file target.txt (compact mmCIF, C-alpha atoms)
# COMPACT_ATOMS: atom_id res chain seq x y z
CA MET X 1 -17.06 -30.56 -50.01
CA LEU X 2 -14.26 -33.08 -50.27
CA GLN X 3 -14.73 -36.58 -48.86
CA THR X 4 -11.37 -37.99 -47.74
CA ARG X 5 -12.58 -41.57 -47.65
CA SER X 6 -15.71 -43.51 -48.49
CA GLY X 7 -15.21 -46.62 -46.36
CA ASN X 8 -13.55 -47.91 -43.24
CA GLU X 9 -10.22 -48.57 -44.92
CA ASN X 10 -7.24 -46.52 -46.10
CA PRO X 11 -6.11 -43.77 -46.84
CA SER X 12 -3.98 -43.27 -43.76
CA PHE X 13 -4.41 -40.48 -41.21
CA ASP X 14 -1.60 -38.50 -42.84
CA ASP X 15 -3.00 -38.99 -46.34
CA ARG X 16 -6.38 -37.69 -45.23
CA SER X 17 -4.76 -34.71 -43.52
CA ALA X 18 -2.76 -34.06 -46.69
CA MET X 19 -5.98 -33.90 -48.71
CA ALA X 20 -7.57 -31.53 -46.18
CA ASN X 21 -4.47 -29.36 -45.81
CA ALA X 22 -4.32 -28.80 -49.56
CA GLN X 23 -7.64 -26.91 -49.37
CA ARG X 24 -7.68 -23.19 -48.71
CA GLY X 25 -10.06 -21.88 -46.04
CA ALA X 26 -11.54 -25.30 -45.35
CA VAL X 27 -12.85 -26.87 -42.17
CA PHE X 28 -12.33 -30.53 -41.33
CA VAL X 29 -14.99 -32.82 -39.87
CA THR X 30 -14.27 -36.45 -39.05
CA LEU X 31 -17.35 -38.60 -38.37
CA HIS X 32 -17.39 -41.66 -36.11
CA ILE X 33 -19.84 -44.09 -34.56
CA SER X 34 -18.80 -45.18 -31.08
CA SER X 35 -18.96 -48.61 -29.46
CA THR X 36 -20.22 -47.12 -26.19
CA GLY X 37 -22.25 -44.21 -24.87
CA LEU X 38 -25.91 -43.38 -24.55
CA PRO X 39 -27.61 -44.39 -27.82
CA GLY X 40 -29.04 -41.44 -29.72
CA THR X 41 -26.51 -38.91 -28.44
CA VAL X 42 -23.76 -37.12 -30.36
CA ARG X 43 -20.53 -35.62 -29.04
CA VAL X 44 -18.07 -33.22 -30.66
CA TYR X 45 -14.35 -33.35 -29.82
CA THR X 46 -11.42 -31.06 -30.48
CA LEU X 47 -7.79 -31.41 -29.50
CA PRO X 48 -6.66 -30.03 -26.14
CA ASP X 49 -4.23 -27.10 -26.20
CA MET X 50 -0.91 -28.04 -27.71
CA PRO X 51 2.37 -26.12 -28.00
CA SER X 52 2.72 -24.23 -31.26
CA ARG X 53 5.60 -25.61 -33.30
CA ALA X 54 5.92 -23.18 -36.18
CA SER X 55 9.50 -22.92 -37.42
CA ALA X 56 11.37 -19.63 -37.81
CA GLY X 57 10.14 -19.41 -41.41
CA GLY X 58 6.54 -19.73 -40.25
CA ILE X 59 6.17 -23.25 -41.61
CA LEU X 60 3.90 -25.42 -39.50
CA SER X 61 5.29 -28.65 -38.13
CA TRP X 62 3.34 -31.53 -39.70
CA ASP X 63 2.95 -33.33 -36.38
CA PHE X 64 1.52 -30.21 -34.75
CA ALA X 65 -0.38 -28.74 -37.69
CA GLN X 66 -3.50 -28.34 -35.55
CA ALA X 67 -1.70 -26.26 -32.88
CA SER X 68 -2.47 -22.89 -34.47
CA TYR X 69 -6.12 -23.83 -35.02
CA VAL X 70 -7.10 -25.20 -31.61
CA THR X 71 -9.00 -22.05 -30.57
CA LEU X 72 -10.85 -21.85 -33.88
CA SER X 73 -11.59 -25.58 -33.75
CA ARG X 74 -13.10 -25.14 -30.29
CA LYS X 75 -15.33 -22.30 -31.52
CA PHE X 76 -16.44 -24.40 -34.47
CA GLY X 77 -16.99 -27.40 -32.18
CA ASP X 78 -19.06 -25.40 -29.70
CA ALA X 79 -21.24 -24.09 -32.53
CA VAL X 80 -21.87 -27.60 -33.85
CA GLN X 81 -22.32 -29.19 -30.41
CA GLY X 82 -24.87 -26.52 -29.50
CA GLN X 83 -26.91 -27.46 -32.56
CA LEU X 84 -26.58 -31.18 -31.84
CA ALA X 85 -27.68 -30.75 -28.22
CA GLN X 86 -30.95 -29.22 -29.46
CA ARG X 87 -31.65 -32.19 -31.74
CA PHE X 88 -30.33 -35.14 -29.71
CA LYS X 89 -31.42 -35.19 -26.10
CA GLY X 90 -28.71 -36.23 -23.66
CA SER X 91 -25.89 -34.87 -25.82
CA PRO X 92 -23.50 -32.47 -24.06
CA SER X 93 -23.94 -28.76 -24.75
CA ASN X 94 -20.22 -28.00 -25.14
CA VAL X 95 -17.39 -29.43 -27.16
CA GLN X 96 -15.05 -31.86 -25.33
CA ASN X 97 -11.28 -32.31 -25.45
CA ALA X 98 -9.74 -35.54 -26.71
CA SER X 99 -6.43 -36.36 -28.38
CA VAL X 100 -8.01 -37.62 -31.59
CA ARG X 101 -5.18 -38.71 -33.89
CA GLN X 102 -6.81 -37.53 -37.11
CA LEU X 103 -7.13 -33.95 -35.88
CA ARG X 104 -3.49 -33.45 -34.89
CA THR X 105 -2.06 -33.20 -38.42
CA THR X 106 -4.88 -31.09 -39.82
CA ALA X 107 -4.10 -27.44 -40.55
CA ALA X 108 -7.67 -26.13 -40.40
CA PRO X 109 -10.45 -25.78 -37.84
CA ALA X 110 -11.09 -29.46 -37.19
CA ILE X 111 -13.64 -31.40 -35.18
CA ALA X 112 -14.50 -35.06 -34.58
CA VAL X 113 -18.20 -35.90 -34.35
CA GLU X 114 -19.07 -39.20 -32.67
CA LEU X 115 -22.53 -40.78 -32.65
CA SER X 116 -23.60 -43.35 -30.07
CA SER X 117 -23.56 -46.15 -30.77
CA VAL X 118 -23.05 -49.37 -32.71
CA SER X 119 -24.87 -51.12 -29.85
CA VAL X 120 -28.30 -49.98 -31.12
CA GLN X 121 -30.45 -52.98 -32.02
CA ASP X 122 -31.72 -51.46 -35.26
CA ARG X 123 -29.22 -49.84 -37.61
CA GLY X 124 -32.13 -47.77 -38.90
CA ASP X 125 -31.99 -45.79 -35.63
CA LEU X 126 -28.50 -44.59 -36.57
CA ASN X 127 -29.55 -43.83 -40.14
CA LYS X 128 -32.40 -41.68 -38.81
CA MET X 129 -29.87 -39.57 -36.91
CA MET X 130 -27.86 -38.70 -40.03
CA PRO X 131 -29.99 -35.84 -41.45
CA GLY X 132 -30.09 -34.20 -38.01
CA VAL X 133 -26.32 -34.54 -37.64
CA ALA X 134 -25.70 -33.11 -41.13
CA ASP X 135 -28.07 -30.21 -40.48
CA ALA X 136 -26.41 -29.44 -37.13
CA ILE X 137 -22.95 -29.42 -38.74
CA ALA X 138 -24.13 -27.13 -41.55
CA ARG X 139 -25.82 -24.70 -39.16
CA GLY X 140 -22.88 -24.79 -36.78
CA LEU X 141 -20.53 -24.05 -39.66
CA ALA X 142 -22.71 -21.14 -40.80
CA ALA X 143 -22.61 -19.70 -37.26
CA PHE X 144 -18.85 -20.21 -37.02
CA ARG X 145 -17.94 -18.82 -40.47
CA PRO X 146 -17.76 -15.10 -39.53
CA SER X 147 -15.15 -15.87 -36.85
CA TYR X 148 -13.00 -17.99 -39.18
CA VAL X 149 -9.93 -15.84 -39.63
CA VAL X 150 -6.92 -17.74 -40.91
CA PRO X 151 -4.13 -17.61 -38.29
CA GLY X 152 -1.21 -15.39 -39.24
CA GLU X 153 -3.17 -13.41 -41.80
CA THR X 154 -4.88 -10.53 -40.05
CA GLY X 155 -8.30 -9.92 -41.49
CA ALA X 156 -8.05 -12.80 -43.93
CA GLN X 157 -11.27 -14.74 -44.14
CA PRO X 158 -12.03 -17.72 -46.32
CA MET H 1 -7.13 -125.52 -21.36
CA ASN H 2 -10.55 -127.08 -21.95
CA GLY H 3 -13.33 -125.50 -24.02
CA ARG H 4 -15.27 -124.13 -21.03
CA TRP H 5 -12.29 -122.17 -19.73
CA ARG H 6 -11.52 -120.90 -23.20
CA THR H 7 -15.10 -119.60 -23.52
CA ARG H 8 -14.89 -117.93 -20.10
CA LEU H 9 -11.62 -116.30 -21.04
CA LEU H 10 -13.01 -115.02 -24.33
CA VAL H 11 -16.15 -113.67 -22.60
CA GLY H 12 -13.96 -111.97 -19.98
CA LEU H 13 -11.80 -110.40 -22.65
CA GLY H 14 -14.89 -109.27 -24.55
CA VAL H 15 -16.29 -107.60 -21.42
CA ALA H 16 -12.94 -105.91 -20.78
CA VAL H 17 -12.87 -104.57 -24.35
CA ALA H 18 -16.46 -103.32 -24.03
CA ILE H 19 -15.67 -101.53 -20.74
CA ALA H 20 -12.54 -100.01 -22.30
CA ALA H 21 -14.53 -98.85 -25.33
CA ILE H 22 -16.94 -97.00 -23.02
CA TYR H 23 -14.40 -95.73 -20.51
CA PHE H 24 -11.61 -94.63 -22.90
CA PRO H 25 -13.51 -91.77 -24.64
CA MET H 26 -14.67 -90.53 -21.20
CA LEU H 27 -11.09 -90.59 -19.96
CA LYS H 28 -9.93 -88.74 -23.09
CA ARG H 29 -12.54 -86.00 -22.53
CA ARG H 30 -11.51 -85.64 -18.88
CA VAL H 31 -7.84 -85.30 -19.81
CA LYS H 32 -8.70 -82.64 -22.41
CA THR H 33 -10.83 -80.69 -19.93
CA ALA H 34 -8.12 -80.89 -17.27
CA ALA H 35 -5.53 -79.68 -19.78
CA LYS H 36 -7.74 -76.69 -20.66
CA ILE H 37 -8.15 -75.78 -17.00
CA THR H 38 -4.48 -76.01 -16.15
CA GLN H 39 -3.12 -74.39 -19.34
CA PRO H 40 -3.35 -70.60 -18.91
CA SER H 41 -3.85 -68.34 -21.90
CA GLU H 42 -0.87 -66.39 -23.16
CA GLU H 43 -2.24 -63.22 -21.55
CA GLN H 44 -2.90 -64.97 -18.23
CA ALA H 45 0.59 -66.44 -18.22
CA ARG H 46 2.06 -63.02 -19.01
CA ARG H 47 0.01 -61.41 -16.27
CA GLU H 48 1.18 -63.99 -13.76
CA LEU H 49 4.76 -63.26 -14.73
CA THR H 50 4.33 -59.50 -14.58
CA THR H 51 2.14 -59.26 -11.49
CA THR H 52 3.86 -57.13 -8.91
CA PRO H 53 4.21 -58.97 -5.62
CA THR H 54 2.68 -57.18 -2.70
CA ASN H 55 4.94 -56.89 0.28
CA THR H 56 3.00 -57.58 3.45
CA PHE H 57 5.18 -55.00 5.23
CA ASP H 58 4.00 -52.22 2.89
CA PRO H 59 1.62 -49.87 4.68
CA LEU H 60 -2.06 -50.29 3.93
CA VAL H 61 -3.29 -47.09 2.32
CA LYS H 62 -6.57 -45.91 0.87
CA ALA H 63 -5.89 -45.92 -2.86
CA LYS H 64 -8.21 -44.10 -5.27
CA MET H 65 -9.03 -46.13 -8.36
CA PHE H 66 -10.80 -44.46 -11.27
CA TRP H 67 -13.31 -46.80 -12.88
CA ALA H 68 -16.46 -45.87 -14.80
CA SER H 69 -19.18 -44.15 -12.82
CA ASP H 70 -22.27 -46.26 -12.18
CA GLU H 71 -24.43 -43.18 -12.75
CA ASP H 72 -22.84 -42.09 -16.03
CA GLU H 73 -20.87 -44.71 -17.93
CA SER H 74 -19.10 -42.04 -19.96
CA ALA H 75 -17.54 -40.52 -16.81
CA LEU H 76 -15.07 -41.75 -14.24
CA ALA H 77 -15.67 -42.01 -10.51
CA PRO H 78 -13.08 -42.58 -7.78
CA ILE H 79 -13.45 -45.74 -5.71
CA THR H 80 -11.37 -46.05 -2.56
CA VAL H 81 -9.64 -49.40 -2.12
CA ASP H 82 -7.39 -50.49 0.78
CA LEU H 83 -4.08 -51.53 -0.79
CA ALA H 84 -0.65 -52.35 0.59
CA LEU H 85 1.35 -49.92 -1.55
CA SER H 86 5.09 -49.71 -1.83
CA PRO H 87 6.76 -46.35 -1.15
CA ASP H 88 8.83 -46.93 -4.33
CA PRO H 89 7.02 -45.01 -7.12
CA VAL H 90 7.67 -47.63 -9.82
CA LEU H 91 6.42 -50.53 -7.71
CA ARG H 92 3.54 -48.40 -6.50
CA ALA H 93 2.56 -47.50 -10.08
CA LYS H 94 2.62 -51.19 -11.04
CA GLN H 95 0.50 -52.09 -8.02
CA VAL H 96 -2.21 -49.50 -8.71
CA LEU H 97 -2.28 -50.19 -12.46
CA ASN H 98 -2.58 -53.94 -11.86
CA THR H 99 -5.45 -53.24 -9.47
CA LEU H 100 -7.06 -51.01 -12.11
CA LEU H 101 -6.69 -53.79 -14.69
CA ALA H 102 -8.13 -56.37 -12.30
CA GLY H 103 -11.27 -54.25 -12.38
CA PRO H 104 -13.99 -53.18 -9.99
CA VAL H 105 -16.48 -55.49 -8.28
CA SER H 106 -19.00 -54.79 -11.05
CA SER H 107 -17.55 -55.70 -14.42
CA ASP H 108 -19.85 -53.13 -16.09
CA LEU H 109 -17.69 -50.40 -14.60
CA ARG H 110 -14.45 -51.63 -16.15
CA THR H 111 -12.50 -49.11 -18.17
CA LEU H 112 -9.80 -51.52 -19.39
CA PRO H 113 -10.27 -54.91 -21.06
CA PRO H 114 -9.98 -57.89 -18.67
CA ASP H 115 -7.37 -59.66 -20.80
CA ALA H 116 -5.00 -56.69 -20.91
CA ALA H 117 -1.83 -56.83 -18.80
CA LEU H 118 0.76 -54.32 -17.67
CA LEU H 119 4.07 -55.63 -19.01
CA ALA H 120 6.36 -52.99 -17.53
CA PHE H 121 6.41 -49.56 -15.99
CA TYR H 122 9.36 -47.17 -16.20
CA LEU H 123 9.83 -43.83 -14.52
CA LEU H 124 12.24 -41.36 -16.07
CA PRO H 125 14.03 -38.91 -13.76
CA ASP H 126 11.92 -36.00 -15.12
CA GLY H 127 8.68 -37.62 -13.94
CA THR H 128 7.69 -39.21 -17.25
CA GLY H 129 6.03 -42.56 -16.69
CA LEU H 130 6.17 -45.15 -19.47
CA ALA H 131 3.44 -47.77 -19.10
CA ASP H 132 3.88 -50.76 -21.38
CA PHE H 133 0.71 -52.80 -21.87
CA SER H 134 0.04 -56.05 -23.73
CA GLU H 135 -1.61 -55.98 -27.16
CA ALA H 136 -4.98 -56.76 -25.61
CA LEU H 137 -5.24 -53.14 -24.46
CA ALA H 138 -5.31 -52.08 -28.11
CA THR H 139 -7.26 -54.99 -29.55
CA SER H 140 -9.92 -55.37 -26.83
CA THR H 141 -10.67 -51.76 -25.88
CA PRO H 142 -13.98 -50.85 -27.54
CA SER H 143 -13.23 -48.67 -30.56
CA GLY H 144 -14.43 -45.08 -30.27
CA ILE H 145 -13.23 -41.71 -29.03
CA GLU H 146 -15.29 -41.86 -25.83
CA SER H 147 -14.29 -45.39 -24.79
CA GLU H 148 -10.62 -44.91 -25.67
CA GLN H 149 -10.50 -41.58 -23.83
CA LEU H 150 -12.12 -43.20 -20.79
CA ALA H 151 -9.49 -45.97 -20.79
CA VAL H 152 -6.56 -43.53 -20.92
CA ASP H 153 -8.15 -41.14 -18.41
CA SER H 154 -8.68 -43.96 -15.92
CA ILE H 155 -4.97 -44.84 -16.14
CA ALA H 156 -3.81 -41.21 -15.91
CA ARG H 157 -6.13 -40.23 -13.06
CA THR H 158 -5.36 -43.37 -11.05
CA LEU H 159 -1.64 -42.60 -11.35
CA GLU H 160 -2.25 -38.94 -10.46
CA ALA H 161 -4.16 -39.90 -7.31
CA ASN H 162 -1.70 -42.51 -6.06
CA VAL H 163 1.76 -41.88 -7.51
CA PRO H 164 2.53 -38.15 -7.31
CA GLN H 165 6.02 -38.65 -8.79
CA VAL H 166 4.46 -39.42 -12.21
CA LYS H 167 3.85 -36.14 -14.02
CA ARG H 168 3.37 -37.28 -17.60
CA LEU H 169 2.36 -40.60 -19.10
CA LYS H 170 3.37 -42.34 -22.28
CA ILE H 171 1.50 -45.51 -23.19
CA LEU H 172 3.29 -48.23 -25.14
CA ILE H 173 1.79 -51.39 -26.57
CA HIS H 174 4.09 -54.40 -26.27
CA GLY H 175 7.10 -52.11 -26.02
CA GLN H 176 6.24 -50.12 -29.12
CA GLU H 177 4.84 -46.67 -29.78
CA VAL H 178 1.56 -47.04 -31.68
CA ASP H 179 -0.45 -44.45 -33.60
CA THR H 180 -3.75 -44.92 -31.76
CA LEU H 181 -5.24 -46.97 -28.94
CA ALA H 182 -8.07 -48.55 -30.94
CA GLY H 183 -8.25 -46.39 -34.05
CA HIS H 184 -8.99 -42.96 -32.59
CA LEU H 185 -7.06 -41.77 -29.54
CA ASP H 186 -3.54 -40.56 -30.28
CA LEU H 187 -0.92 -42.59 -28.39
CA THR H 188 2.04 -40.85 -30.00
CA GLN H 189 1.40 -38.04 -27.49
CA MET H 190 2.13 -37.89 -23.81
CA PHE H 191 -0.72 -37.46 -21.39
CA ILE H 192 -0.50 -35.02 -18.52
CA VAL H 193 -0.92 -36.90 -15.25
CA ASN H 194 -0.05 -34.44 -12.52
CA THR H 195 -1.53 -31.17 -13.71
CA LYS H 196 0.07 -29.17 -10.89
CA ALA H 197 3.60 -30.43 -11.50
CA ALA H 198 3.49 -30.56 -15.30
CA GLN H 199 4.47 -27.59 -17.45
CA PRO H 200 1.51 -25.21 -17.53
CA SER H 201 2.17 -24.10 -21.13
CA SER H 202 1.67 -27.48 -22.74
CA LEU H 203 -1.08 -29.98 -22.19
CA SER H 204 0.33 -32.56 -24.53
CA VAL H 205 3.92 -33.19 -25.42
CA ARG H 206 5.49 -35.51 -27.92
CA VAL H 207 8.18 -37.97 -26.82
CA PRO H 208 11.10 -38.61 -29.14
CA MET H 209 10.49 -42.36 -29.32
CA ARG H 210 11.99 -42.71 -32.78
CA PRO H 211 14.37 -40.60 -34.84
CA ALA H 212 12.56 -37.85 -36.69
CA ALA H 213 15.08 -35.71 -38.48
CA THR H 214 12.48 -33.57 -40.23
CA ARG H 215 10.40 -32.88 -37.16
CA SER H 216 10.97 -29.66 -35.31
CA ALA H 217 10.83 -29.90 -31.56
CA SER H 218 11.36 -27.53 -28.71
CA PRO H 219 14.20 -28.83 -26.55
CA THR H 220 12.58 -27.44 -23.40
CA SER H 221 9.46 -29.55 -23.76
CA LEU H 222 11.03 -32.83 -24.75
CA PRO H 223 12.36 -35.03 -21.98
CA PRO H 224 15.81 -36.36 -22.80
CA THR H 225 16.02 -40.00 -23.71
CA PRO H 226 17.61 -42.34 -21.17
CA ALA H 227 20.67 -42.74 -23.42
CA ALA H 228 21.15 -38.99 -23.66
CA ARG H 229 21.08 -38.63 -19.91
CA GLY H 230 23.45 -41.51 -19.44
CA LYS H 231 21.04 -42.96 -16.95
CA GLY H 232 18.43 -45.56 -17.73
CA PRO H 233 14.81 -45.43 -16.67
CA ARG H 234 13.77 -47.03 -13.46
CA ARG H 235 11.88 -50.22 -13.99

call {"tool": "encode", "arguments": {"input": "target.txt", "output": "structure tokens"}}
result
Amino acid sequence: MLQTRSGNENPSFDDRSAMANAQRGAVFVTLHISSTGLPGTVRVYTLPDMPSRASAGGILSWDFAQASYVTLSRKFGDAVQGQLAQRFKGSPSNVQNASVRQLRTTAAPAIAVELSSVSVQDRGDLNKMMPGVADAIARGLAAFRPSYVVPGETGAQP
Amino acid sequence: MNGRWRTRLLVGLGVAVAIAAIYFPMLKRRVKTAAKITQPSEEQARRELTTTPTNTFDPLVKAKMFWASDEDESALAPITVDLALSPDPVLRAKQVLNTLLAGPVSSDLRTLPPDAALLAFYLLPDGTGLADFSEALATSTPSGIESEQLAVDSIARTLEANVPQVKRLKILIHGQEVDTLAGHLDLTQMFIVNTKAAQPSSLSVRVPMRPAATRSASPTSLPPTPAARGKGPRR
């Protein structure tokens, strides 16, 4: 596991994507705590469909690096969201679409996980959610792994 | 002047000074308060300047505004409002977006911050709408994927329901392209507004807002810039 940042400051979106894109057969998870939403719920987001922008040489366009992975990201997201829905009542059962900036330049199955919310009176309530969130991501990843075939390489599996 | 009159004069002056000492700070406070009331904030002043005048001859139509649902604050719900809307798509877009910014009756259902203002709206000939908002949209929208998505969706769906000529939407902040709305949602992309009219193969398209020599782009999916067409956007 590679952590692309340890606080709420830099590196930039592109720098974090660069770190993730340098890994082979990785998945990318970006964690957030929202300002709104029903406290105690967790939502998973992936990018909506986007046009593939691979050049003639097969090189992915940096700005659309996620394009080839949207379907895989959605599978991964559904697997994780399903696990989260079992642990956190009120959470949706399926992954949702959102144009999350961090995901766009990531060349790997990529999801954003957002916990609600900073409005909880006791920060301890959020801390208590963390083991459940981590477990759901790990189990979702385990369920997703057999279907993780790298685009463009038939049969290749990380 | 004899001594008695001098004493009376001094007493009178003393009383006048005492009254002034009491009254002057009160007067100063009143002037300050009045100045605060009459001096609008920068955002208010900008909004007053950019507010689209409503023509009383425009037909009154039932406009659908998308604010937050009172049953589920993470979803949008249409609210029908009687508005005098211009047949001109640019004016109409400004009118509905200003109504959206003004907010619903219940402030809890707002999707956009109250201090945000629409600075300009342009419509390119290919149906791309450029909505330029003040910085408050970026600085006052609650940070988070859900809240930022709700803000953009409310703008896009309100335009879709009321201004069919707008097919895609690009959001600018103070005339500039920005990376994200409030740290999460990608504003370098265009948002599909009219799903029926927009290209079915792409749900998000990038606008060439700045030169990007190294970026590959499909010419069919990128709307030409106003300069390239030789015709400026409608404002």

call {"tool": "interface_residues", "arguments": {"input": "target.txt", "of": "chain X", "to": "chain H", "cutoff": "9 Å", "atoms": "all atoms listed in the file", "output": "PyMOL selection string"}}
result
chain X and resi 32-38+43+45+48-51+53-55+61-63+98-102+104+112+114

call {"tool": "atom_distance", "arguments": {"input": "target.txt", "atom1": "CA of Phe28 in chain X", "atom2": "CA of Asn94 in chain X"}}
result
18.2 Å

call {"tool": "closest_residue", "arguments": {"input": "target.txt", "among": "X:Leu72, X:Met130, X:Ala136, X:Leu115", "to": "Tyr148 in chain X", "atoms": "only C-alpha atoms"}}
result
X:Leu72

call {"tool": "atom_distance", "arguments": {"input": "target.txt", "atom1": "CA of Gly175 in chain H", "atom2": "CA of Asp132 in chain H"}}
result
5.8 Å

call {"tool": "residues_around", "arguments": {"input": "target.txt", "residues": "Pro109 in chain X", "least_positions_apart": "4", "cutoff": "10 Å", "atoms": "all atoms listed in the file", "output": "ChimeraX atom specification"}}
result
/X:25-29,46,66,68-77,103,148,150

call {"tool": "write_last_selection", "arguments": {"input": "target.txt", "atoms": "C-alpha atoms", "output": "compact mmCIF listing (two decimals), in the coordinates of the input"}}
result
# COMPACT_ATOMS: atom_id res chain seq x y z
CA GLY X 25 -10.06 -21.88 -46.04
CA ALA X 26 -11.54 -25.30 -45.35
CA VAL X 27 -12.85 -26.87 -42.17
CA PHE X 28 -12.33 -30.53 -41.33
CA VAL X 29 -14.99 -32.82 -39.87
CA THR X 46 -11.42 -31.06 -30.48
CA GLN X 66 -3.50 -28.34 -35.55
CA SER X 68 -2.47 -22.89 -34.47
CA TYR X 69 -6.12 -23.83 -35.02
CA VAL X 70 -7.10 -25.20 -31.61
CA THR X 71 -9.00 -22.05 -30.57
CA LEU X 72 -10.85 -21.85 -33.88
CA SER X 73 -11.59 -25.58 -33.75
CA ARG X 74 -13.10 -25.14 -30.29
CA LYS X 75 -15.33 -22.30 -31.52
CA PHE X 76 -16.44 -24.40 -34.47
CA GLY X 77 -16.99 -27.40 -32.18
CA LEU X 103 -7.13 -33.95 -35.88
CA TYR X 148 -13.00 -17.99 -39.18
CA VAL X 150 -6.92 -17.74 -40.91

call {"tool": "atom_distance", "arguments": {"input": "target.txt", "atom1": "CA of Asp122 in chain X", "atom2": "CA of Gly7 in chain X"}}
result
20.5 Å

call {"tool": "closest_residue", "arguments": {"input": "target.txt", "among": "X:Gly90, X:Thr41, X:Thr106, X:Ile59", "to": "Phe13 in chain X", "atoms": "only C-alpha atoms"}}
result
X:Thr106

call {"tool": "residues_near_point", "arguments": {"input": "target.txt", "point": "(-10.0, -50.2, -16.6)", "cutoff": "7 Å", "atoms": "all atoms listed in the file", "output": "PyMOL selection string"}}
result
chain H and resi 67+100-101+103+110-113+151+154

call {"tool": "closest_residue", "arguments": {"input": "target.txt", "among": "H:Ala84, H:Leu130, H:Ile79, H:Ala20", "to": "Ala161 in chain H", "atoms": "all atoms listed in the file"}}
result
H:Ile79

call {"tool": "residues_around", "arguments": {"input": "target.txt", "residues": "Ala68 in chain H", "least_positions_apart": "3", "cutoff": "6 Å", "atoms": "only C-alpha atoms", "output": "ChimeraX atom specification"}}
result
/H:73,75-77,109

call {"tool": "closest_residue", "arguments": {"input": "target.txt", "among": "X:Ala108, X:Val113, X:Val118, X:Ala79", "to": "Phe144 in chain X", "atoms": "only C-alpha atoms"}}
result
X:Ala79

call {"tool": "closest_residue", "arguments": {"input": "target.txt", "among": "X:Met19, X:Ser91, X:Leu2, X:Gln96", "to": "Leu47 in chain X", "atoms": "only C-alpha atoms"}}
result
X:Gln96
